[in-house]
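What follows is the content of my_file.cif (mmCIF, C-alpha atoms).
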```cif
data_entry
#
loop_
_atom_site.label_atom_id
_atom_site.label_comp_id
_atom_site.auth_asym_id
_atom_site.auth_seq_id
_atom_site.Cartn_x
_atom_site.Cartn_y
_atom_site.Cartn_z
CA MET T 1 26.37 61.97 -52.58
CA SER T 2 23.07 60.10 -52.72
CA ARG T 3 22.84 56.36 -52.19
CA GLY T 4 22.70 54.23 -55.33
CA SER T 5 19.57 52.51 -56.66
CA LEU T 6 18.95 48.80 -56.78
CA PHE T 7 17.85 47.38 -60.15
CA VAL T 8 16.55 43.86 -60.49
CA VAL T 9 16.69 42.53 -64.03
CA THR T 10 14.87 39.29 -64.59
CA GLY T 11 12.92 37.34 -67.17
CA PRO T 12 12.60 33.79 -68.44
CA SER T 13 15.71 31.80 -69.18
CA GLY T 14 16.52 32.51 -72.83
CA ALA T 15 14.90 35.97 -72.89
CA GLY T 16 18.37 37.43 -73.24
CA LYS T 17 19.06 39.02 -69.85
CA GLY T 18 22.79 38.42 -70.14
CA THR T 19 23.06 39.69 -73.70
CA VAL T 20 21.13 42.87 -72.98
CA LEU T 21 23.08 43.58 -69.80
CA GLY T 22 26.34 42.94 -71.62
CA LYS T 23 25.49 45.77 -74.00
CA VAL T 24 24.62 48.16 -71.16
CA ARG T 25 27.75 47.31 -69.20
CA GLY T 26 30.21 49.33 -71.25
CA GLU T 27 27.96 52.33 -71.76
CA LEU T 28 27.07 53.53 -68.27
CA ASP T 29 29.40 54.43 -65.44
CA ARG T 30 28.69 54.12 -61.72
CA LEU T 31 27.15 50.66 -62.11
CA HIS T 32 27.96 47.64 -60.00
CA TYR T 33 27.01 44.24 -61.39
CA SER T 34 26.21 41.87 -58.58
CA VAL T 35 27.72 38.44 -59.14
CA SER T 36 25.28 35.69 -58.20
CA LEU T 37 26.21 32.49 -56.52
CA THR T 38 25.14 29.23 -58.17
CA THR T 39 25.52 25.52 -57.68
CA ARG T 40 25.09 24.78 -61.39
CA PRO T 41 28.24 23.88 -63.32
CA PRO T 42 29.86 26.62 -65.47
CA ARG T 43 28.83 26.80 -69.15
CA GLU T 44 31.50 27.18 -71.80
CA GLY T 45 33.18 30.57 -71.41
CA GLU T 46 31.79 31.34 -67.97
CA GLU T 47 34.35 32.44 -65.38
CA HIS T 48 34.20 32.09 -61.61
CA GLY T 49 33.74 35.49 -59.96
CA VAL T 50 32.77 37.13 -63.26
CA HIS T 51 29.61 35.40 -64.47
CA TYR T 52 28.85 33.59 -61.23
CA HIS T 53 30.43 32.53 -58.00
CA PHE T 54 30.25 28.79 -58.60
CA CYS T 55 29.96 26.85 -55.37
CA SER T 56 28.87 23.55 -53.88
CA PRO T 57 25.34 22.93 -52.60
CA ASP T 58 26.75 22.76 -49.05
CA GLU T 59 28.38 26.18 -49.35
CA ALA T 60 25.17 27.68 -50.78
CA MET T 61 23.00 26.17 -48.03
CA GLY T 62 25.40 27.53 -45.42
CA MET T 63 25.16 31.09 -46.78
CA ILE T 64 21.35 30.87 -46.84
CA ALA T 65 21.14 29.44 -43.33
CA SER T 66 23.40 32.17 -41.91
CA GLY T 67 21.26 34.95 -43.44
CA HIS T 68 23.92 36.26 -45.80
CA MET T 69 21.75 36.08 -48.94
CA LEU T 70 19.50 38.85 -50.27
CA GLU T 71 17.50 36.28 -52.24
CA HIS T 72 17.85 32.71 -53.37
CA ALA T 73 15.96 30.29 -55.54
CA GLU T 74 16.15 26.73 -56.72
CA TYR T 75 15.83 26.42 -60.45
CA VAL T 76 16.00 23.24 -62.56
CA GLY T 77 17.74 21.46 -59.68
CA ASN T 78 20.32 24.15 -58.88
CA ILE T 79 20.52 26.89 -56.25
CA TYR T 80 21.02 30.50 -57.34
CA GLY T 81 21.36 33.43 -54.96
CA THR T 82 22.68 36.91 -54.24
CA PRO T 83 25.11 37.52 -51.37
CA GLU T 84 23.93 40.68 -49.57
CA ALA T 85 27.13 42.35 -48.32
CA PRO T 86 28.64 43.42 -51.69
CA VAL T 87 25.27 44.86 -52.79
CA GLU T 88 25.01 47.03 -49.67
CA ALA T 89 28.61 48.20 -49.96
CA ALA T 90 28.11 49.30 -53.57
CA LEU T 91 24.82 51.13 -52.85
CA ASP T 92 26.47 52.96 -49.93
CA ALA T 93 29.28 54.00 -52.26
CA GLY T 94 26.68 55.69 -54.50
CA LEU T 95 26.79 53.06 -57.22
CA ASP T 96 23.68 51.68 -58.87
CA VAL T 97 23.54 47.93 -58.44
CA ILE T 98 22.24 45.54 -61.08
CA LEU T 99 21.01 42.12 -60.02
CA GLU T 100 20.46 39.71 -62.90
CA ILE T 101 18.39 37.00 -61.25
CA GLU T 102 15.58 34.50 -61.72
CA VAL T 103 11.94 35.64 -61.46
CA GLN T 104 11.38 33.83 -58.16
CA GLY T 105 14.32 35.69 -56.58
CA ALA T 106 13.19 39.00 -58.09
CA LEU T 107 9.88 38.72 -56.28
CA GLN T 108 11.72 38.04 -53.00
CA ILE T 109 13.67 41.28 -53.54
CA LYS T 110 10.46 43.15 -54.27
CA ALA T 111 9.03 42.04 -50.91
CA LYS T 112 12.24 42.89 -48.99
CA ARG T 113 13.22 46.08 -50.85
CA PRO T 114 10.19 48.06 -51.96
CA ASP T 115 12.50 50.76 -53.33
CA ALA T 116 14.11 48.38 -55.86
CA THR T 117 13.35 49.00 -59.54
CA LEU T 118 12.15 45.77 -61.16
CA VAL T 119 12.69 45.16 -64.86
CA PHE T 120 11.27 42.15 -66.69
CA ILE T 121 13.01 41.20 -69.92
CA ALA T 122 10.49 39.36 -72.09
CA PRO T 123 11.07 37.34 -75.25
CA PRO T 124 9.12 38.59 -78.30
CA SER T 125 7.26 35.22 -78.37
CA PHE T 126 7.45 31.75 -76.84
CA GLU T 127 8.33 30.29 -80.27
CA GLU T 128 11.38 32.57 -80.39
CA LEU T 129 12.25 31.65 -76.80
CA GLU T 130 12.26 27.93 -77.70
CA ARG T 131 14.43 28.65 -80.74
CA ARG T 132 16.96 30.49 -78.54
CA LEU T 133 17.05 27.77 -75.89
CA ARG T 134 17.64 25.10 -78.58
CA GLY T 135 20.29 27.32 -80.17
CA ARG T 136 22.43 27.12 -77.03
CA GLY T 137 22.93 23.44 -77.85
CA THR T 138 23.82 22.73 -74.25
CA GLU T 139 20.64 21.23 -72.86
CA SER T 140 18.50 18.12 -73.22
CA ASP T 141 14.99 18.22 -74.69
CA GLU T 142 13.69 17.54 -71.22
CA LYS T 143 15.48 20.55 -69.70
CA ILE T 144 14.32 22.77 -72.58
CA ALA T 145 10.71 21.66 -72.05
CA SER T 146 11.10 22.38 -68.34
CA ARG T 147 12.47 25.88 -69.07
CA LEU T 148 9.62 26.63 -71.50
CA ASN T 149 6.98 25.60 -68.99
CA ARG T 150 8.72 27.70 -66.40
CA ALA T 151 8.84 30.66 -68.80
CA ARG T 152 5.08 30.55 -69.30
CA ASP T 153 4.56 30.56 -65.54
CA GLU T 154 7.06 33.38 -65.08
CA GLN T 155 5.38 35.47 -67.76
CA LYS T 156 2.21 35.43 -65.64
CA LYS T 157 4.12 37.35 -62.95
CA VAL T 158 4.90 40.28 -65.26
CA GLY T 159 2.25 42.38 -63.50
CA GLU T 160 4.57 42.55 -60.46
CA PHE T 161 7.23 44.49 -62.33
CA HIS T 162 7.77 48.21 -62.92
CA TYR T 163 9.23 47.96 -66.39
CA VAL T 164 9.03 45.52 -69.28
CA VAL T 165 11.72 45.38 -71.94
CA LEU T 166 10.77 43.28 -74.96
CA ASN T 167 13.96 41.72 -76.27
CA ASP T 168 13.33 41.41 -79.98
CA ASP T 169 16.38 43.44 -81.02
CA ALA T 170 19.09 43.29 -78.33
CA ASP T 171 20.46 46.77 -79.16
CA LEU T 172 17.04 48.36 -78.78
CA ALA T 173 16.42 46.39 -75.60
CA ALA T 174 19.76 47.58 -74.19
CA ALA T 175 18.90 51.19 -75.06
CA GLU T 176 15.65 50.81 -73.14
CA LEU T 177 17.32 49.30 -70.10
CA ARG T 178 19.90 52.10 -70.15
CA ALA T 179 17.08 54.67 -70.30
CA ILE T 180 15.42 53.06 -67.28
CA ILE T 181 18.65 53.36 -65.29
CA VAL T 182 19.32 56.96 -66.39
CA ALA T 183 15.72 57.97 -65.63
CA GLN T 184 16.02 56.50 -62.15
CA ARG T 185 19.10 58.68 -61.60
CA CYS T 186 16.96 61.73 -62.42
CA THR T 187 14.30 60.99 -59.81
CA LEU T 188 13.81 63.60 -57.14
CA ALA T 189 15.30 61.45 -54.38
CA ARG T 190 18.53 60.98 -56.33
CA ARG T 191 18.83 64.66 -57.24
CA ALA T 192 18.04 66.28 -53.90
CA ASP T 193 21.69 66.87 -53.07
CA VAL T 194 22.68 68.65 -56.29
CA LEU T 195 19.87 71.20 -56.57
CA PRO T 196 20.56 74.91 -56.14
CA GLY T 197 18.87 75.90 -52.90
CA MET C 1 -2.00 50.26 -79.29
CA SER C 2 -1.72 51.77 -75.82
CA ARG C 3 -2.61 55.37 -75.08
CA GLY C 4 0.27 57.85 -75.01
CA SER C 5 1.77 59.35 -71.85
CA LEU C 6 1.57 62.97 -70.80
CA PHE C 7 4.87 64.64 -69.89
CA VAL C 8 4.97 68.03 -68.23
CA VAL C 9 8.32 69.78 -68.59
CA THR C 10 8.73 72.86 -66.45
CA GLY C 11 11.29 74.89 -64.56
CA PRO C 12 12.22 78.50 -63.95
CA SER C 13 12.36 80.89 -66.87
CA GLY C 14 15.94 80.72 -68.13
CA ALA C 15 16.56 77.14 -66.94
CA GLY C 16 16.65 76.11 -70.59
CA LYS C 17 13.40 74.19 -71.10
CA GLY C 18 13.18 75.23 -74.75
CA THR C 19 16.82 74.45 -75.53
CA VAL C 20 16.67 71.00 -73.92
CA LEU C 21 13.37 70.13 -75.61
CA GLY C 22 14.71 71.33 -78.94
CA LYS C 23 17.48 68.72 -78.69
CA VAL C 24 15.03 65.93 -77.82
CA ARG C 25 12.63 66.88 -80.60
CA GLY C 26 14.58 65.40 -83.48
CA GLU C 27 15.66 62.25 -81.68
CA LEU C 28 12.45 60.55 -80.59
CA ASP C 29 9.48 59.58 -82.71
CA ARG C 30 5.86 59.37 -81.58
CA LEU C 31 6.06 62.66 -79.68
CA HIS C 32 3.55 65.47 -79.88
CA TYR C 33 4.68 68.89 -78.70
CA SER C 34 1.74 70.80 -77.32
CA VAL C 35 1.76 74.41 -78.46
CA SER C 36 0.82 76.76 -75.63
CA LEU C 37 -1.29 79.82 -75.99
CA THR C 38 0.10 83.12 -74.71
CA THR C 39 -0.84 86.77 -74.59
CA ARG C 40 2.80 87.91 -74.48
CA PRO C 41 4.23 89.37 -77.67
CA PRO C 42 6.45 87.12 -79.83
CA ARG C 43 10.22 87.26 -79.24
CA GLU C 44 12.55 87.52 -82.19
CA GLY C 45 12.33 84.29 -84.22
CA GLU C 46 9.18 82.96 -82.57
CA GLU C 47 6.44 81.82 -84.95
CA HIS C 48 2.70 81.69 -84.37
CA GLY C 49 1.51 78.08 -84.15
CA VAL C 50 5.06 76.76 -83.74
CA HIS C 51 6.46 78.28 -80.53
CA TYR C 52 3.15 79.60 -79.23
CA HIS C 53 -0.34 80.43 -80.32
CA PHE C 54 -0.13 84.17 -79.76
CA CYS C 55 -3.50 85.65 -78.88
CA SER C 56 -5.19 88.61 -77.27
CA PRO C 57 -6.10 88.71 -73.57
CA ASP C 58 -9.79 88.58 -74.57
CA GLU C 59 -9.33 85.42 -76.60
CA ALA C 60 -7.37 83.77 -73.77
CA MET C 61 -9.99 84.69 -71.15
CA GLY C 62 -12.71 83.28 -73.42
CA MET C 63 -10.94 79.91 -73.75
CA ILE C 64 -10.46 79.73 -69.98
CA ALA C 65 -14.07 80.70 -69.23
CA SER C 66 -15.44 78.06 -71.63
CA GLY C 67 -13.38 75.26 -70.00
CA HIS C 68 -11.21 74.55 -73.05
CA MET C 69 -7.88 74.88 -71.22
CA LEU C 70 -6.01 72.06 -69.46
CA GLU C 71 -4.10 74.62 -67.40
CA HIS C 72 -3.41 78.31 -67.42
CA ALA C 73 -1.31 80.76 -65.49
CA GLU C 74 -0.54 84.44 -65.36
CA TYR C 75 3.14 85.17 -65.40
CA VAL C 76 4.86 88.58 -65.41
CA GLY C 77 1.63 90.19 -66.62
CA ASN C 78 0.82 87.72 -69.41
CA ILE C 79 -1.50 84.72 -69.66
CA TYR C 80 -0.10 81.32 -70.69
CA GLY C 81 -2.17 78.19 -71.14
CA THR C 82 -2.66 74.79 -72.78
CA PRO C 83 -5.70 74.10 -74.96
CA GLU C 84 -7.01 70.64 -73.99
CA ALA C 85 -8.45 69.18 -77.22
CA PRO C 86 -5.18 68.71 -79.18
CA VAL C 87 -3.55 67.05 -76.16
CA GLU C 88 -6.36 64.51 -75.84
CA ALA C 89 -6.38 63.78 -79.55
CA ALA C 90 -2.63 63.08 -79.56
CA LEU C 91 -2.77 60.82 -76.47
CA ASP C 92 -5.65 58.85 -78.01
CA ALA C 93 -3.55 58.41 -81.15
CA GLY C 94 -0.86 56.72 -79.01
CA LEU C 95 1.53 59.66 -79.09
CA ASP C 96 3.39 60.88 -76.04
CA VAL C 97 2.57 64.52 -75.40
CA ILE C 98 5.07 67.06 -74.10
CA LEU C 99 3.80 70.17 -72.37
CA GLU C 100 6.45 72.84 -71.84
CA ILE C 101 4.78 75.09 -69.31
CA GLU C 102 5.31 77.30 -66.28
CA VAL C 103 5.60 75.77 -62.81
CA GLN C 104 2.21 77.10 -61.69
CA GLY C 105 0.49 75.38 -64.65
CA ALA C 106 2.47 72.18 -64.09
CA LEU C 107 1.05 71.89 -60.59
CA GLN C 108 -2.48 72.36 -61.99
CA ILE C 109 -1.83 69.44 -64.35
CA LYS C 110 -0.53 67.32 -61.48
CA ALA C 111 -3.80 67.86 -59.60
CA LYS C 112 -5.98 67.14 -62.65
CA ARG C 113 -3.92 64.32 -64.20
CA PRO C 114 -2.26 62.18 -61.56
CA ASP C 115 -0.89 59.93 -64.31
CA ALA C 116 1.16 62.75 -65.88
CA THR C 117 4.96 62.49 -65.58
CA LEU C 118 6.36 65.76 -64.18
CA VAL C 119 9.89 66.85 -65.04
CA PHE C 120 11.53 69.89 -63.44
CA ILE C 121 14.43 71.41 -65.39
CA ALA C 122 16.67 73.23 -62.92
CA PRO C 123 19.50 75.66 -63.57
CA PRO C 124 22.87 74.60 -62.11
CA SER C 125 22.79 77.72 -59.89
CA PHE C 126 20.88 80.98 -59.49
CA GLU C 127 23.99 82.94 -60.55
CA GLU C 128 24.01 81.02 -63.85
CA LEU C 129 20.27 81.59 -64.22
CA GLU C 130 20.76 85.37 -63.89
CA ARG C 131 23.56 85.28 -66.44
CA ARG C 132 21.30 83.45 -68.92
CA LEU C 133 18.39 85.84 -68.40
CA ARG C 134 20.67 88.86 -68.96
CA GLY C 135 22.18 87.15 -72.00
CA ARG C 136 18.83 87.20 -73.76
CA GLY C 137 19.18 90.97 -73.91
CA THR C 138 15.42 91.36 -74.31
CA GLU C 139 14.28 92.32 -70.86
CA SER C 140 14.56 95.19 -68.40
CA ASP C 141 16.45 94.89 -65.10
CA GLU C 142 13.10 95.03 -63.37
CA LYS C 143 11.71 92.07 -65.35
CA ILE C 144 14.91 90.09 -64.76
CA ALA C 145 14.71 90.72 -61.01
CA SER C 146 11.08 89.61 -61.10
CA ARG C 147 12.01 86.39 -62.95
CA LEU C 148 14.81 85.64 -60.48
CA ASN C 149 12.53 86.06 -57.48
CA ARG C 150 10.00 83.87 -59.18
CA ALA C 151 12.68 81.24 -59.92
CA ARG C 152 13.59 81.01 -56.23
CA ASP C 153 9.94 80.49 -55.34
CA GLU C 154 9.50 77.91 -58.09
CA GLN C 155 12.57 75.98 -56.95
CA LYS C 156 10.83 75.44 -53.61
CA LYS C 157 8.16 73.41 -55.44
CA VAL C 158 10.66 70.89 -56.79
CA GLY C 159 9.46 68.31 -54.26
CA GLU C 160 6.20 68.04 -56.24
CA PHE C 161 7.95 66.63 -59.31
CA HIS C 162 8.86 63.09 -60.32
CA TYR C 163 12.10 63.90 -62.09
CA VAL C 164 14.71 66.64 -61.91
CA VAL C 165 17.02 67.40 -64.84
CA LEU C 166 19.88 69.72 -63.96
CA ASN C 167 20.63 71.76 -67.06
CA ASP C 168 24.34 72.46 -66.78
CA ASP C 169 25.23 70.91 -70.15
CA ALA C 170 22.23 71.02 -72.52
CA ASP C 171 23.26 67.83 -74.38
CA LEU C 172 23.45 65.83 -71.15
CA ALA C 173 20.18 67.34 -69.97
CA ALA C 174 18.52 66.35 -73.27
CA ALA C 175 19.87 62.79 -72.94
CA GLU C 176 18.33 62.60 -69.48
CA LEU C 177 14.96 63.90 -70.64
CA ARG C 178 15.02 61.43 -73.52
CA ALA C 179 15.77 58.59 -71.06
CA ILE C 180 12.80 59.64 -68.91
CA ILE C 181 10.49 59.46 -71.94
CA VAL C 182 11.89 56.10 -73.14
CA ALA C 183 11.66 54.63 -69.63
CA GLN C 184 8.02 55.69 -69.39
CA ARG C 185 7.36 53.80 -72.63
CA CYS C 186 8.75 50.66 -70.95
CA THR C 187 6.39 50.79 -67.98
CA LEU C 188 4.09 47.84 -67.52
CA ALA C 189 0.96 49.79 -68.46
CA ARG C 190 2.47 50.83 -71.79
CA ARG C 191 3.73 47.34 -72.63
CA ALA C 192 0.68 45.27 -71.70
CA ASP C 193 -0.50 45.00 -75.31
CA VAL C 194 2.76 43.72 -76.83
CA LEU C 195 3.62 40.95 -74.38
CA PRO C 196 3.52 37.30 -75.47
CA GLY C 197 0.56 35.75 -73.62
#
```
Represent the structure of the file as structure tokens.
Amino acid sequence: MSRGSLFVVTGPSGAGKGTVLGKVRGELDRLHYSVSLTTRPPREGEEHGVHYHFCSPDEAMGMIASGHMLEHAEYVGNIYGTPEAPVEAALDAGLDVILEIEVQGALQIKAKRPDATLVFIAPPSFEELERRLRGRGTESDEKIASRLNRARDEQKKVGEFHYVVLNDDADLAAAELRAIIVAQRCTLARRADVLPG
Amino acid sequence: MSRGSLFVVTGPSGAGKGTVLGKVRGELDRLHYSVSLTTRPPREGEEHGVHYHFCSPDEAMGMIASGHMLEHAEYVGNIYGTPEAPVEAALDAGLDVILEIEVQGALQIKAKRPDATLVFIAPPSFEELERRLRGRGTESDEKIASRLNRARDEQKKVGEFHYVVLNDDADLAAAELRAIIVAQRCTLARRADVLPG
């Protein structure tokens, strides 16, 4: 059995990473969804261990200091990060691993793991992005303005990514992300062990 | 509008290239199927201009000599090749182009067009390949033996390809080929013109 592939799915806050991944989740087997750690408080409906491992700033800093994080980033005053051990265990078990992370963390992964497949989920426009962020109804005008500025900066990094999925229609975007994962499974390296010799 | 991508689909005779491509054909838009030229006689049900441009050896040699072929190969006593002009026209029109060709021709394309995406369709086993070739009921034992020897040689070239689709179940194989095409459409180069700036 070949080792799994690491997929990094990122994009500006509000581009719809979570929605798109939610639609892929039920449709492909052999996927492991990495659960990020965060110091931000849970939003309505978010569960500990499912959407995030929610933790204190002290806990997060401890994990970073002891080298147990694959990537981490501070974003709008909170720490986000990916514990490394569960990712490695899943890859070794032949599962593909999906990391849904911030752009800053995605670029850390790119530097550390040149074999990772990087997918940027982009909003169809910045006007639509603002509309989506306001639609959440959970954040102040100041935080929304901060996210929009951040999104424009993040968009400038798109050249670092392998794939771009434009999330205008979430079903189409999910079909594209699924295709990217399936195609990766068909690469020569992943198929070497099943070929007739 | 970005330029289309060139896909080369190859594999041993009997691996099921035609069957798999037939299933993809109806399911994706913006695809152009290049029609190869061949000097071999039509098989039952094959139409001129649809499955192949059937031509005489003299015509084929003339096209090759005048530099109008993207690739060509001799295979079991017949010439096969791809006229270049229709491929270029389709790519310029933003269509993805599929070339279904022999392995020898695929490697010529790889050398000439490093941006082409190369897909190798492999049989699940050589025993199954022999069964399929005999099932056609159109060829002598000698020709079948020649094709099987050729298939074993071709399989050794699999390391030259980007993707490998194992054609055990033709529907699954077609889904994989479709995913490879969709994923290519999501690459950064193909998306540059639709991103919010």
For Asp168 (chain T): contacts at 10 Å, only C-alpha atoms, fewer than 5 positions along chain excluded, given as an mmCIF file with C-alpha atoms, keeping the file's coordinate frame:
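This went into out.cif:
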```
data_model
loop_
_atom_site.group_PDB
_atom_site.id
_atom_site.type_symbol
_atom_site.label_atom_id
_atom_site.label_comp_id
_atom_site.auth_asym_id
_atom_site.auth_seq_id
_atom_site.Cartn_x
_atom_site.Cartn_y
_atom_site.Cartn_z
ATOM 1 C CA ALA T 15 14.900 35.970 -72.890
ATOM 2 C CA GLY T 16 18.370 37.430 -73.240
ATOM 3 C CA ALA T 122 10.490 39.360 -72.090
ATOM 4 C CA PRO T 123 11.070 37.340 -75.250
ATOM 5 C CA PRO T 124 9.120 38.590 -78.300
ATOM 6 C CA SER T 125 7.260 35.220 -78.370
ATOM 7 C CA GLU T 128 11.380 32.570 -80.390
ATOM 8 C CA ALA T 173 16.420 46.390 -75.600
#
```
Could you check how far CA of Phe161 (chain C) sits from CA of His162 (chain T), in Å to one decimal?
18.8 Å
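Interface residues on chain T toward chain C (cut-off 8 Å, only C-alpha atoms): Ala122, Pro123, Pro124, Ser125, Phe126, Gln155, Val158, Gly159, Phe161, His162, Tyr163, Val164, Val165, Leu166, Glu176, Leu177, Arg178, Ala179, Ile180, Val182, Ala183, Cys186, Thr187, Leu188, Arg191, Leu195, Pro196 and Gly197 of chain T.
Closest approach to Leu148 (chain C) among C:Val76, C:Leu37, C:Leu91, C:Leu28 is made by C:Val76 (distances from all atoms listed in the file).
Reported to one decimal place, the separation of CA of Pro86 (chain T) from CA of Ser34 (chain T) is 7.5 Å.
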Can you list what the PyMOL selection byres ((chain T and resi 33) around 9) grabs from this structure, as a PDB file with C-alpha atoms, in the frame of the given file?
```
ATOM      1  CA  ARG T  25      27.750  47.310 -69.200  1.00  0.00           C
ATOM      2  CA  LEU T  31      27.150  50.660 -62.110  1.00  0.00           C
ATOM      3  CA  HIS T  32      27.960  47.640 -60.000  1.00  0.00           C
ATOM      4  CA  SER T  34      26.210  41.870 -58.580  1.00  0.00           C
ATOM      5  CA  VAL T  35      27.720  38.440 -59.140  1.00  0.00           C
ATOM      6  CA  VAL T  87      25.270  44.860 -52.790  1.00  0.00           C
ATOM      7  CA  ASP T  96      23.680  51.680 -58.870  1.00  0.00           C
ATOM      8  CA  VAL T  97      23.540  47.930 -58.440  1.00  0.00           C
ATOM      9  CA  ILE T  98      22.240  45.540 -61.080  1.00  0.00           C
ATOM     10  CA  LEU T  99      21.010  42.120 -60.020  1.00  0.00           C
ATOM     11  CA  GLU T 100      20.460  39.710 -62.900  1.00  0.00           C
TER      12      GLU T 100
END
```
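If you look at CA of Arg43 (chain T) and CA of Asp29 (chain T), they are 27.9 Å away from each other.
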Hits of the PyMOL selection byres ((chain T and resi 36) around 10) in this structure, as a PyMOL selection string:
chain T and resi 33-35+37-38+49-54+69+71-72+80-83+99-101
Once you count all atoms listed in the file, which residues end up no further than 10 Å from (6.3, 73.2, -64.7) in the file's frame, shown as an MDAnalysis selection string?
chainID C and resid 8:12 17 99:110 118:121 154 157:158 160:161
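Evaluated against the shown file, the PyMOL selection byres ((chain C and resi 61) around 12) gives Leu37, Thr38, Thr39, Cys55, Ser56, Pro57, Asp58, Glu59, Ala60, Gly62, Met63, Ile64, Ala65, Ser66, Gly67, His68, Met69, His72, Ala73, Glu74, Asn78, Ile79, Tyr80 and Gly81 of chain C.
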Requested write-out: C-alpha atoms of the selected residues, as a tab-separated table (two decimals), in the coordinates of the input:
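Once written, result.tsv looks like this:
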```tsv
chain	number	residue	atom	x	y	z
C	37	LEU	CA	-1.29	79.82	-75.99
C	38	THR	CA	0.10	83.12	-74.71
C	39	THR	CA	-0.84	86.77	-74.59
C	55	CYS	CA	-3.50	85.65	-78.88
C	56	SER	CA	-5.19	88.61	-77.27
C	57	PRO	CA	-6.10	88.71	-73.57
C	58	ASP	CA	-9.79	88.58	-74.57
C	59	GLU	CA	-9.33	85.42	-76.60
C	60	ALA	CA	-7.37	83.77	-73.77
C	62	GLY	CA	-12.71	83.28	-73.42
C	63	MET	CA	-10.94	79.91	-73.75
C	64	ILE	CA	-10.46	79.73	-69.98
C	65	ALA	CA	-14.07	80.70	-69.23
C	66	SER	CA	-15.44	78.06	-71.63
C	67	GLY	CA	-13.38	75.26	-70.00
C	68	HIS	CA	-11.21	74.55	-73.05
C	69	MET	CA	-7.88	74.88	-71.22
C	72	HIS	CA	-3.41	78.31	-67.42
C	73	ALA	CA	-1.31	80.76	-65.49
C	74	GLU	CA	-0.54	84.44	-65.36
C	78	ASN	CA	0.82	87.72	-69.41
C	79	ILE	CA	-1.50	84.72	-69.66
C	80	TYR	CA	-0.10	81.32	-70.69
C	81	GLY	CA	-2.17	78.19	-71.14
```
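Distance annotation: of T:Leu70, T:Ser13, T:Lys112, T:Arg40, the residue with the minimal separation from Ala85 (chain T) is T:Leu70; atom set is all atoms listed in the file.
Nearest residue to Arg150 (chain C), choosing from C:Met1, C:Val20, C:Ala111, C:Leu129 and counting only C-alpha atoms: C:Leu129.
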